[in-house]
file input-v5.csv (CSV, C-alpha atoms)
chain,number,residue,atom,x,y,z
A,94,LEU,CA,15.9,-60.1,-50.6
A,95,THR,CA,15.2,-63.8,-51.2
A,96,GLY,CA,16.9,-66.4,-53.4
A,97,SER,CA,19.3,-69.3,-53.5
A,98,ARG,CA,22.8,-69.0,-52.2
A,99,GLY,CA,25.3,-67.2,-54.5
A,100,THR,CA,22.7,-65.2,-56.4
A,101,GLY,CA,23.8,-61.8,-55.2
A,102,LYS,CA,21.6,-61.0,-52.3
A,103,THR,CA,24.3,-59.8,-49.9
A,104,SER,CA,26.1,-57.9,-52.7
A,105,THR,CA,22.9,-56.2,-53.7
A,106,ALA,CA,22.3,-55.3,-50.1
A,107,ARG,CA,25.6,-53.5,-50.0
A,108,ILE,CA,25.0,-51.8,-53.3
A,109,LEU,CA,21.6,-50.6,-52.0
A,110,ALA,CA,23.3,-49.3,-48.9
A,111,CYS,CA,25.8,-47.4,-51.1
A,112,ALA,CA,23.0,-45.9,-53.1
A,113,LEU,CA,21.2,-44.7,-50.0
A,114,ASN,CA,24.3,-43.2,-48.4
A,115,CYS,CA,26.4,-42.2,-51.4
A,116,MET,CA,27.9,-38.7,-50.8
A,117,GLU,CA,28.0,-37.9,-54.5
A,118,ARG,CA,24.5,-39.1,-55.6
A,119,LYS,CA,22.3,-36.2,-56.9
A,120,GLU,CA,18.6,-35.9,-56.6
A,121,GLY,CA,16.9,-38.2,-59.1
A,122,GLN,CA,19.9,-40.4,-59.5
A,123,PHE,CA,19.7,-44.0,-58.3
A,124,GLU,CA,23.2,-45.5,-58.8
A,125,PRO,CA,26.0,-44.9,-56.2
A,126,CYS,CA,29.2,-43.4,-57.5
A,127,GLY,CA,31.3,-46.2,-56.0
A,128,LYS,CA,34.1,-43.7,-55.4
A,129,CYS,CA,33.2,-41.5,-52.4
A,130,ALA,CA,34.4,-42.4,-48.9
A,131,SER,CA,31.0,-43.8,-47.9
A,132,CYS,CA,30.8,-46.1,-51.0
A,133,ARG,CA,34.3,-47.3,-50.5
A,134,ASP,CA,33.8,-48.0,-46.7
A,135,ILE,CA,30.6,-49.9,-47.3
A,136,ALA,CA,32.2,-52.0,-50.0
A,137,ARG,CA,34.9,-52.9,-47.4
A,138,SER,CA,32.3,-53.5,-44.6
A,139,GLU,CA,34.0,-50.7,-42.7
A,140,ASP,CA,31.3,-48.0,-42.7
A,141,LEU,CA,30.1,-46.8,-39.3
A,142,ASP,CA,26.6,-46.2,-40.6
A,143,VAL,CA,26.1,-49.8,-41.9
A,144,VAL,CA,25.7,-52.6,-39.4
A,145,GLU,CA,26.0,-56.1,-40.9
A,146,MET,CA,24.9,-59.2,-39.1
A,147,ASP,CA,25.0,-62.9,-40.1
A,148,ALA,CA,22.0,-64.4,-38.4
A,149,ALA,CA,23.4,-67.9,-39.0
A,150,SER,CA,26.0,-67.4,-36.3
A,151,ASN,CA,24.2,-64.6,-34.3
A,152,SER,CA,20.6,-66.0,-33.9
A,153,ARG,CA,20.0,-65.2,-30.2
A,154,VAL,CA,17.8,-62.4,-28.9
A,155,ASP,CA,20.9,-60.9,-27.2
A,156,ASP,CA,22.7,-60.7,-30.6
A,157,VAL,CA,19.8,-58.7,-32.1
A,158,ARG,CA,19.5,-56.4,-29.1
A,159,GLU,CA,23.2,-55.8,-29.1
A,160,ARG,CA,23.1,-54.7,-32.8
A,161,LEU,CA,19.9,-52.6,-32.3
A,162,GLU,CA,21.4,-50.7,-29.4
A,163,SER,CA,22.6,-48.0,-31.8
A,164,VAL,CA,19.3,-47.8,-33.7
A,165,ASP,CA,18.5,-44.4,-32.2
A,166,THR,CA,21.9,-43.0,-32.9
A,167,ARG,CA,22.0,-40.5,-35.8
A,168,PRO,CA,24.1,-41.5,-38.8
A,169,ALA,CA,27.8,-40.5,-38.5
A,170,ARG,CA,28.1,-39.4,-42.1
A,171,GLY,CA,25.4,-40.7,-44.4
A,172,ARG,CA,21.7,-40.1,-44.8
A,173,TYR,CA,20.7,-43.3,-43.1
A,174,ARG,CA,21.8,-45.9,-40.5
A,175,LEU,CA,21.4,-49.2,-42.3
A,176,PHE,CA,21.1,-52.7,-40.8
A,177,ILE,CA,21.9,-55.6,-43.1
A,178,ILE,CA,20.8,-59.0,-41.7
A,179,ASP,CA,21.9,-62.0,-43.7
A,180,GLU,CA,20.2,-65.4,-43.4
A,181,VAL,CA,17.6,-63.7,-41.3
A,182,HIS,CA,15.4,-66.8,-41.2
A,183,MET,CA,18.0,-68.3,-38.7
A,184,LEU,CA,16.9,-65.9,-36.0
A,185,SER,CA,15.2,-67.4,-32.9
A,186,THR,CA,11.6,-66.6,-32.2
A,187,SER,CA,12.5,-64.2,-29.4
A,188,ALA,CA,15.1,-62.6,-31.7
A,189,PHE,CA,12.4,-62.0,-34.3
A,190,ASN,CA,10.2,-60.5,-31.7
A,191,ALA,CA,12.9,-58.1,-30.7
A,192,LEU,CA,13.5,-57.2,-34.3
A,193,LEU,CA,9.8,-56.7,-34.9
A,194,LYS,CA,9.5,-54.0,-32.2
A,195,THR,CA,12.0,-51.8,-34.1
A,196,ILE,CA,10.7,-52.6,-37.6
A,197,GLU,CA,7.2,-51.7,-36.6
A,198,GLU,CA,8.2,-48.1,-35.7
A,199,PRO,CA,11.7,-47.4,-37.0
A,200,PRO,CA,13.3,-44.0,-36.5
A,201,PRO,CA,13.2,-42.0,-39.8
A,202,HIS,CA,17.0,-42.3,-40.3
A,203,VAL,CA,17.0,-46.2,-40.1
A,204,LYS,CA,16.6,-48.7,-42.9
A,205,PHE,CA,16.6,-52.5,-42.7
A,206,ILE,CA,17.8,-54.8,-45.5
A,207,LEU,CA,17.0,-58.5,-44.8
A,208,ALA,CA,18.4,-61.4,-46.9
A,209,THR,CA,17.4,-65.0,-46.8
A,210,THR,CA,17.5,-68.3,-48.7
A,211,ASN,CA,14.4,-69.5,-46.9
A,212,PRO,CA,11.6,-66.9,-46.6
A,213,GLU,CA,9.1,-69.5,-45.5
A,214,LYS,CA,10.8,-69.6,-42.1
A,215,ILE,CA,10.3,-65.8,-41.5
A,216,PRO,CA,7.3,-64.9,-39.4
A,217,GLU,CA,4.4,-63.2,-41.4
A,218,THR,CA,4.6,-60.3,-39.0
A,219,ILE,CA,8.0,-59.5,-40.4
A,220,LEU,CA,7.2,-60.3,-44.0
A,221,SER,CA,4.2,-58.1,-44.1
A,222,ARG,CA,6.3,-55.1,-43.3
A,223,CYS,CA,8.9,-55.8,-46.0
A,224,GLN,CA,9.2,-55.1,-49.7
A,225,ARG,CA,10.1,-58.5,-51.1
A,226,TYR,CA,12.5,-59.0,-54.1
A,227,ASP,CA,13.1,-62.6,-55.4
A,228,PHE,CA,16.5,-63.4,-56.9
A,229,ARG,CA,16.4,-66.1,-59.5
A,230,ARG,CA,19.2,-68.5,-60.3
A,231,VAL,CA,21.5,-67.2,-63.0
A,232,THR,CA,21.2,-69.1,-66.3
A,233,LEU,CA,24.0,-71.3,-67.6
A,234,GLY,CA,24.6,-69.0,-70.6
A,235,GLU,CA,24.8,-65.9,-68.4
A,236,ILE,CA,27.4,-67.5,-66.1
A,237,VAL,CA,29.5,-68.7,-69.1
A,238,ASP,CA,29.4,-65.2,-70.6
A,239,TRP,CA,30.4,-63.6,-67.3
A,240,LEU,CA,33.2,-66.0,-66.7
A,241,ASP,CA,34.5,-65.5,-70.3
A,242,ASN,CA,34.5,-61.7,-69.7
A,243,ILE,CA,36.5,-62.1,-66.5
A,244,CYS,CA,39.0,-64.4,-68.3
A,245,ARG,CA,39.5,-61.8,-71.0
A,246,ILE,CA,40.1,-59.1,-68.4
A,247,GLU,CA,42.5,-61.3,-66.4
A,248,ASP,CA,44.2,-62.7,-69.5
A,249,VAL,CA,43.2,-66.3,-68.6
A,250,GLN,CA,42.9,-68.7,-71.5
A,251,PRO,CA,40.6,-71.7,-70.5
A,252,GLY,CA,40.4,-74.7,-72.8
A,253,ASP,CA,37.3,-75.8,-74.7
A,254,GLY,CA,34.5,-76.7,-72.4
A,255,VAL,CA,36.1,-75.4,-69.2
A,256,LEU,CA,33.9,-72.5,-68.5
A,257,ARG,CA,30.7,-74.5,-69.3
A,258,ALA,CA,31.9,-77.2,-66.8
A,259,VAL,CA,32.5,-74.6,-64.1
A,260,ALA,CA,29.1,-73.0,-64.8
A,261,GLU,CA,27.3,-76.3,-64.6
A,262,MET,CA,28.8,-77.0,-61.2
A,263,ALA,CA,27.6,-73.6,-59.9
A,264,GLU,CA,24.0,-74.6,-60.4
A,265,GLY,CA,22.9,-71.0,-61.0
A,266,GLY,CA,25.1,-69.3,-58.3
A,267,MET,CA,27.5,-66.8,-59.7
A,268,ARG,CA,29.5,-66.6,-56.5
A,269,ASP,CA,30.1,-70.4,-56.6
A,270,ALA,CA,31.1,-70.1,-60.3
A,271,LEU,CA,33.7,-67.4,-59.5
A,272,GLY,CA,35.0,-69.4,-56.6
A,273,ARG,CA,35.5,-72.5,-58.6
A,274,LEU,CA,37.2,-70.6,-61.4
A,275,ASP,CA,39.6,-69.1,-58.9
A,276,GLN,CA,40.2,-72.6,-57.5
A,277,LEU,CA,40.9,-74.0,-61.0
A,278,ILE,CA,43.3,-71.2,-61.9
A,279,ALA,CA,45.2,-71.6,-58.6
A,280,PHE,CA,45.7,-75.3,-59.4
A,281,SER,CA,46.2,-75.2,-63.2
A,282,GLY,CA,47.5,-71.7,-64.0
A,283,VAL,CA,46.1,-69.3,-66.6
A,284,LYS,CA,45.6,-72.0,-69.3
A,285,PRO,CA,43.4,-74.6,-67.6
A,286,SER,CA,42.2,-77.5,-69.7
A,287,LEU,CA,39.0,-79.5,-69.4
A,288,GLU,CA,40.9,-82.5,-68.3
A,289,GLU,CA,42.5,-80.5,-65.4
A,290,ALA,CA,39.0,-79.2,-64.5
A,291,GLU,CA,37.7,-82.7,-64.3
A,292,ARG,CA,40.6,-83.8,-62.2
A,293,VAL,CA,40.4,-80.8,-59.8
A,294,PHE,CA,36.6,-81.1,-59.3
A,295,GLY,CA,36.3,-84.8,-59.5
A,296,LEU,CA,34.1,-84.7,-62.6
A,297,VAL,CA,33.4,-87.7,-64.9
A,298,GLY,CA,34.6,-86.7,-68.4
A,299,ARG,CA,32.3,-87.3,-71.5
A,300,ALA,CA,34.6,-90.0,-72.9
A,301,LYS,CA,34.6,-91.9,-69.6
A,302,LEU,CA,30.9,-91.6,-69.3
A,303,LEU,CA,30.4,-93.0,-72.8
A,304,GLU,CA,32.8,-95.8,-72.0
A,305,LEU,CA,30.8,-96.6,-68.9
A,306,LEU,CA,27.5,-96.6,-70.8
A,307,GLU,CA,28.9,-98.9,-73.5
A,308,SER,CA,30.1,-101.3,-70.8
A,309,LEU,CA,26.7,-101.3,-69.2
A,310,SER,CA,25.0,-102.0,-72.5
A,311,ARG,CA,27.4,-105.0,-73.0
A,312,GLY,CA,26.8,-106.2,-69.5
A,313,ASP,CA,30.5,-105.7,-68.6
A,314,ALA,CA,30.0,-103.2,-65.7
call {"tool": "encode", "arguments": {"input": "input-v5.csv", "output": "structure tokens"}}
result
Amino acid sequence: LTGSRGTGKTSTARILACALNCMERKEGQFEPCGKCASCRDIARSEDLDVVEMDAASNSRVDDVRERLESVDTRPARGRYRLFIIDEVHMLSTSAFNALLKTIEEPPPHVKFILATTNPEKIPETILSRCQRYDFRRVTLGEIVDWLDNICRIEDVQPGDGVLRAVAEMAEGGMRDALGRLDQLIAFSGVKPSLEEAERVFGLVGRAKLLELLESLSRGDA
């Protein structure tokens, strides 16, 4: 899974893990139920059959070997034992080599889900054995619509232009947009204004920007 930060790679990895190990999913179905014990535990990162690893802080070969010690262990409850490695491009060369040995001939009950913001740094020997899915940045309109939907559910009443300002700062990352909205609500309450958003995030308001441009045109700046 490749794409910019905040585009849903890790969340998708967990959803895929849920789909593979959902206890209620019937033959021919693709979506997890989200309610069974397996789905709930995976969502909380507490499932015994799903091993999550952040390669940004666990990049050494010993870190990989430690996680892969259980690769031959049969799943405790689900169909598969799943290994989710986030920011996989951060692994050292020796760590990639250790991972490759398992990816080349994985046990039938094992699946790997790799996520990265920089696929160019992943060795071709790894890439050639993966199905690649590219995540694009979320459009400004999509982010605004999603934030508006959340505000309706949570009974938040943002002022004119607030959601667009938050969405623009996110630069295509839904996670960043949600985080900034939470930050704004924590500071300003459930009725945040555009002026409060500009103050919280250090934005230059449209009026201030026009005033600056006028000063520049007059040579007063």
call {"tool": "closest_atom_pairs", "arguments": {"input": "input-v5.csv", "of": "range 102-167 of chain A", "to": "range 172-187 of chain A", "cutoff": "6 Å", "atoms": "only C-alpha atoms", "output": "tab-separated table"}}
result
residue	atom	partner	partner_atom	distance
A:Asn114	CA	A:Arg172	CA	5.4
A:Asp142	CA	A:Arg174	CA	4.8
A:Val143	CA	A:Leu175	CA	4.8
A:Val144	CA	A:Phe176	CA	4.8
A:Glu145	CA	A:Ile177	CA	4.7
A:Met146	CA	A:Ile178	CA	4.9
A:Asp147	CA	A:Asp179	CA	4.8
A:Ala148	CA	A:Val181	CA	5.3
A:Ala149	CA	A:Met183	CA	5.4
A:Ser152	CA	A:Leu184	CA	4.3
A:Arg153	CA	A:Ser185	CA	5.9
A:Val154	CA	A:Ser187	CA	5.6
call {"tool": "residues_around", "arguments": {"input": "input-v5.csv", "residues": "Arg158 in chain A", "least_positions_apart": "5", "cutoff": "9 Å", "atoms": "only C-alpha atoms", "output": "list in words"}}
result
Arg153, Ala188, Ala191 and Leu192 of chain A
call {"tool": "closest_residue", "arguments": {"input": "input-v5.csv", "among": "A:Gly99, A:Leu113, A:Ala260, A:Asp253", "to": "Glu288 in chain A", "atoms": "all atoms listed in the file"}}
result
A:Asp253
call {"tool": "closest_residue", "arguments": {"input": "input-v5.csv", "among": "A:Ala110, A:Cys129, A:Asp134, A:Asp241", "to": "Val203 in chain A", "atoms": "all atoms listed in the file"}}
result
A:Ala110
call {"tool": "residues_around", "arguments": {"input": "input-v5.csv", "residues": "range 270-279 of chain A", "least_positions_apart": "6", "cutoff": "9 Å", "atoms": "all atoms listed in the file", "output": "ChimeraX atom specification"}}
result
/A:99,236,240,249,256,259-264,285,289-290,293-294
call {"tool": "closest_residue", "arguments": {"input": "input-v5.csv", "among": "A:Pro200, A:Gly234, A:Gly252, A:Gly265", "to": "Pro168 in chain A", "atoms": "all atoms listed in the file"}}
result
A:Pro200
call {"tool": "closest_residue", "arguments": {"input": "input-v5.csv", "among": "A:Cys111, A:Ala106, A:Met267, A:Ile206", "to": "Thr232 in chain A", "atoms": "all atoms listed in the file"}}
result
A:Met267
call {"tool": "closest_residue", "arguments": {"input": "input-v5.csv", "among": "A:Gly171, A:Gly101, A:Pro201, A:Gly96", "to": "Leu141 in chain A", "atoms": "all atoms listed in the file"}}
result
A:Gly171
call {"tool": "closest_residue", "arguments": {"input": "input-v5.csv", "among": "A:Thr209, A:Ser281, A:Ser163, A:Ser221", "to": "Leu193 in chain A", "atoms": "all atoms listed in the file"}}
result
A:Ser221
call {"tool": "residues_near_point", "arguments": {"input": "input-v5.csv", "point": "(25.0, -38.5, -52.2)", "cutoff": "12 Å", "atoms": "all atoms listed in the file", "output": "ChimeraX atom specification"}}
result
/A:110-132,170-173
call {"tool": "atom_distance", "arguments": {"input": "input-v5.csv", "atom1": "CA of Lys204 in chain A", "atom2": "CA of Phe228 in chain A"}}
result
20.3 Å
call {"tool": "atom_distance", "arguments": {"input": "input-v5.csv", "atom1": "CA of Val231 in chain A", "atom2": "CA of Lys102 in chain A"}}
result
12.4 Å
call {"tool": "atom_distance", "arguments": {"input": "input-v5.csv", "atom1": "CA of Val255 in chain A", "atom2": "CA of Arg98 in chain A"}}
result
22.5 Å
call {"tool": "residues_near_point", "arguments": {"input": "input-v5.csv", "point": "(8.7, -53.6, -45.5)", "cutoff": "10 Å", "atoms": "all atoms listed in the file", "output": "list in words"}}
result
Ile196, Glu197, Lys204, Phe205, Ile206, Leu207, Ile219, Leu220, Ser221, Arg222, Cys223, Gln224 and Arg225 of chain A
call {"tool": "write_last_selection", "arguments": {"input": "input-v5.csv", "atoms": "C-alpha atoms", "output": "mmCIF file, in the coordinates of the input"}}
result
data_model
loop_
_atom_site.group_PDB
_atom_site.id
_atom_site.type_symbol
_atom_site.label_atom_id
_atom_site.label_comp_id
_atom_site.auth_asym_id
_atom_site.auth_seq_id
_atom_site.Cartn_x
_atom_site.Cartn_y
_atom_site.Cartn_z
ATOM 1 C CA ILE A 196 10.700 -52.600 -37.600
ATOM 2 C CA GLU A 197 7.200 -51.700 -36.600
ATOM 3 C CA LYS A 204 16.600 -48.700 -42.900
ATOM 4 C CA PHE A 205 16.600 -52.500 -42.700
ATOM 5 C CA ILE A 206 17.800 -54.800 -45.500
ATOM 6 C CA LEU A 207 17.000 -58.500 -44.800
ATOM 7 C CA ILE A 219 8.000 -59.500 -40.400
ATOM 8 C CA LEU A 220 7.200 -60.300 -44.000
ATOM 9 C CA SER A 221 4.200 -58.100 -44.100
ATOM 10 C CA ARG A 222 6.300 -55.100 -43.300
ATOM 11 C CA CYS A 223 8.900 -55.800 -46.000
ATOM 12 C CA GLN A 224 9.200 -55.100 -49.700
ATOM 13 C CA ARG A 225 10.100 -58.500 -51.100
#
call {"tool": "decode", "arguments": {"input": "input-v5.csv", "residues": "range 249-269 of chain A", "atoms": "N, CA and C atoms", "output": "PDB file, in the first residue's frame"}}
result
ATOM      1  N   VAL A 249     -21.580  19.719  15.617  1.00  0.00           N
ATOM      2  CA  VAL A 249     -20.635  20.836  15.566  1.00  0.00           C
ATOM      3  C   VAL A 249     -21.100  21.797  14.480  1.00  0.00           C
ATOM      4  N   GLN A 250     -21.053  23.091  14.770  1.00  0.00           N
ATOM      5  CA  GLN A 250     -21.556  24.097  13.827  1.00  0.00           C
ATOM      6  C   GLN A 250     -20.438  25.069  13.436  1.00  0.00           C
ATOM      7  N   PRO A 251     -19.605  24.680  12.476  1.00  0.00           N
ATOM      8  CA  PRO A 251     -18.499  25.553  12.070  1.00  0.00           C
ATOM      9  C   PRO A 251     -18.992  26.757  11.276  1.00  0.00           C
ATOM     10  N   GLY A 252     -18.286  27.874  11.404  1.00  0.00           N
ATOM     11  CA  GLY A 252     -18.645  29.072  10.655  1.00  0.00           C
ATOM     12  C   GLY A 252     -18.278  28.951   9.186  1.00  0.00           C
ATOM     13  N   ASP A 253     -18.705  29.939   8.409  1.00  0.00           N
ATOM     14  CA  ASP A 253     -18.427  29.941   6.973  1.00  0.00           C
ATOM     15  C   ASP A 253     -16.920  29.888   6.710  1.00  0.00           C
ATOM     16  N   GLY A 254     -16.523  28.993   5.839  1.00  0.00           N
ATOM     17  CA  GLY A 254     -15.126  28.912   5.427  1.00  0.00           C
ATOM     18  C   GLY A 254     -14.229  28.098   6.325  1.00  0.00           C
ATOM     19  N   VAL A 255     -14.732  27.660   7.489  1.00  0.00           N
ATOM     20  CA  VAL A 255     -13.890  26.931   8.443  1.00  0.00           C
ATOM     21  C   VAL A 255     -13.450  25.580   7.885  1.00  0.00           C
ATOM     22  N   LEU A 256     -14.396  24.812   7.394  1.00  0.00           N
ATOM     23  CA  LEU A 256     -14.063  23.469   6.916  1.00  0.00           C
ATOM     24  C   LEU A 256     -13.143  23.524   5.703  1.00  0.00           C
ATOM     25  N   ARG A 257     -13.347  24.497   4.844  1.00  0.00           N
ATOM     26  CA  ARG A 257     -12.464  24.628   3.683  1.00  0.00           C
ATOM     27  C   ARG A 257     -11.040  24.971   4.123  1.00  0.00           C
ATOM     28  N   ALA A 258     -10.927  25.842   5.123  1.00  0.00           N
ATOM     29  CA  ALA A 258      -9.600  26.206   5.626  1.00  0.00           C
ATOM     30  C   ALA A 258      -8.891  24.995   6.218  1.00  0.00           C
ATOM     31  N   VAL A 259      -9.636  24.197   6.993  1.00  0.00           N
ATOM     32  CA  VAL A 259      -9.066  22.983   7.583  1.00  0.00           C
ATOM     33  C   VAL A 259      -8.655  22.002   6.486  1.00  0.00           C
ATOM     34  N   ALA A 260      -9.511  21.847   5.489  1.00  0.00           N
ATOM     35  CA  ALA A 260      -9.232  20.913   4.394  1.00  0.00           C
ATOM     36  C   ALA A 260      -8.009  21.342   3.593  1.00  0.00           C
ATOM     37  N   GLU A 261      -7.852  22.633   3.365  1.00  0.00           N
ATOM     38  CA  GLU A 261      -6.701  23.125   2.600  1.00  0.00           C
ATOM     39  C   GLU A 261      -5.398  22.842   3.334  1.00  0.00           C
ATOM     40  N   MET A 262      -5.406  22.966   4.656  1.00  0.00           N
ATOM     41  CA  MET A 262      -4.193  22.702   5.432  1.00  0.00           C
ATOM     42  C   MET A 262      -3.806  21.231   5.394  1.00  0.00           C
ATOM     43  N   ALA A 263      -4.785  20.353   5.226  1.00  0.00           N
ATOM     44  CA  ALA A 263      -4.523  18.914   5.252  1.00  0.00           C
ATOM     45  C   ALA A 263      -3.759  18.438   4.027  1.00  0.00           C
ATOM     46  N   GLU A 264      -3.797  19.200   2.942  1.00  0.00           N
ATOM     47  CA  GLU A 264      -3.056  18.870   1.720  1.00  0.00           C
ATOM     48  C   GLU A 264      -3.322  17.441   1.242  1.00  0.00           C
ATOM     49  N   GLY A 265      -4.590  17.059   1.239  1.00  0.00           N
ATOM     50  CA  GLY A 265      -4.965  15.755   0.704  1.00  0.00           C
ATOM     51  C   GLY A 265      -4.947  14.611   1.688  1.00  0.00           C
ATOM     52  N   GLY A 266      -4.612  14.886   2.946  1.00  0.00           N
ATOM     53  CA  GLY A 266      -4.569  13.833   3.964  1.00  0.00           C
ATOM     54  C   GLY A 266      -5.782  13.903   4.875  1.00  0.00           C
ATOM     55  N   MET A 267      -6.653  12.905   4.794  1.00  0.00           N
ATOM     56  CA  MET A 267      -7.863  12.919   5.614  1.00  0.00           C
ATOM     57  C   MET A 267      -7.535  12.864   7.098  1.00  0.00           C
ATOM     58  N   ARG A 268      -6.531  12.080   7.466  1.00  0.00           N
ATOM     59  CA  ARG A 268      -6.157  11.979   8.877  1.00  0.00           C
ATOM     60  C   ARG A 268      -5.746  13.335   9.434  1.00  0.00           C
ATOM     61  N   ASP A 269      -4.955  14.087   8.663  1.00  0.00           N
ATOM     62  CA  ASP A 269      -4.528  15.408   9.114  1.00  0.00           C
ATOM     63  C   ASP A 269      -5.721  16.350   9.250  1.00  0.00           C
TER      64      ASP A 269
END
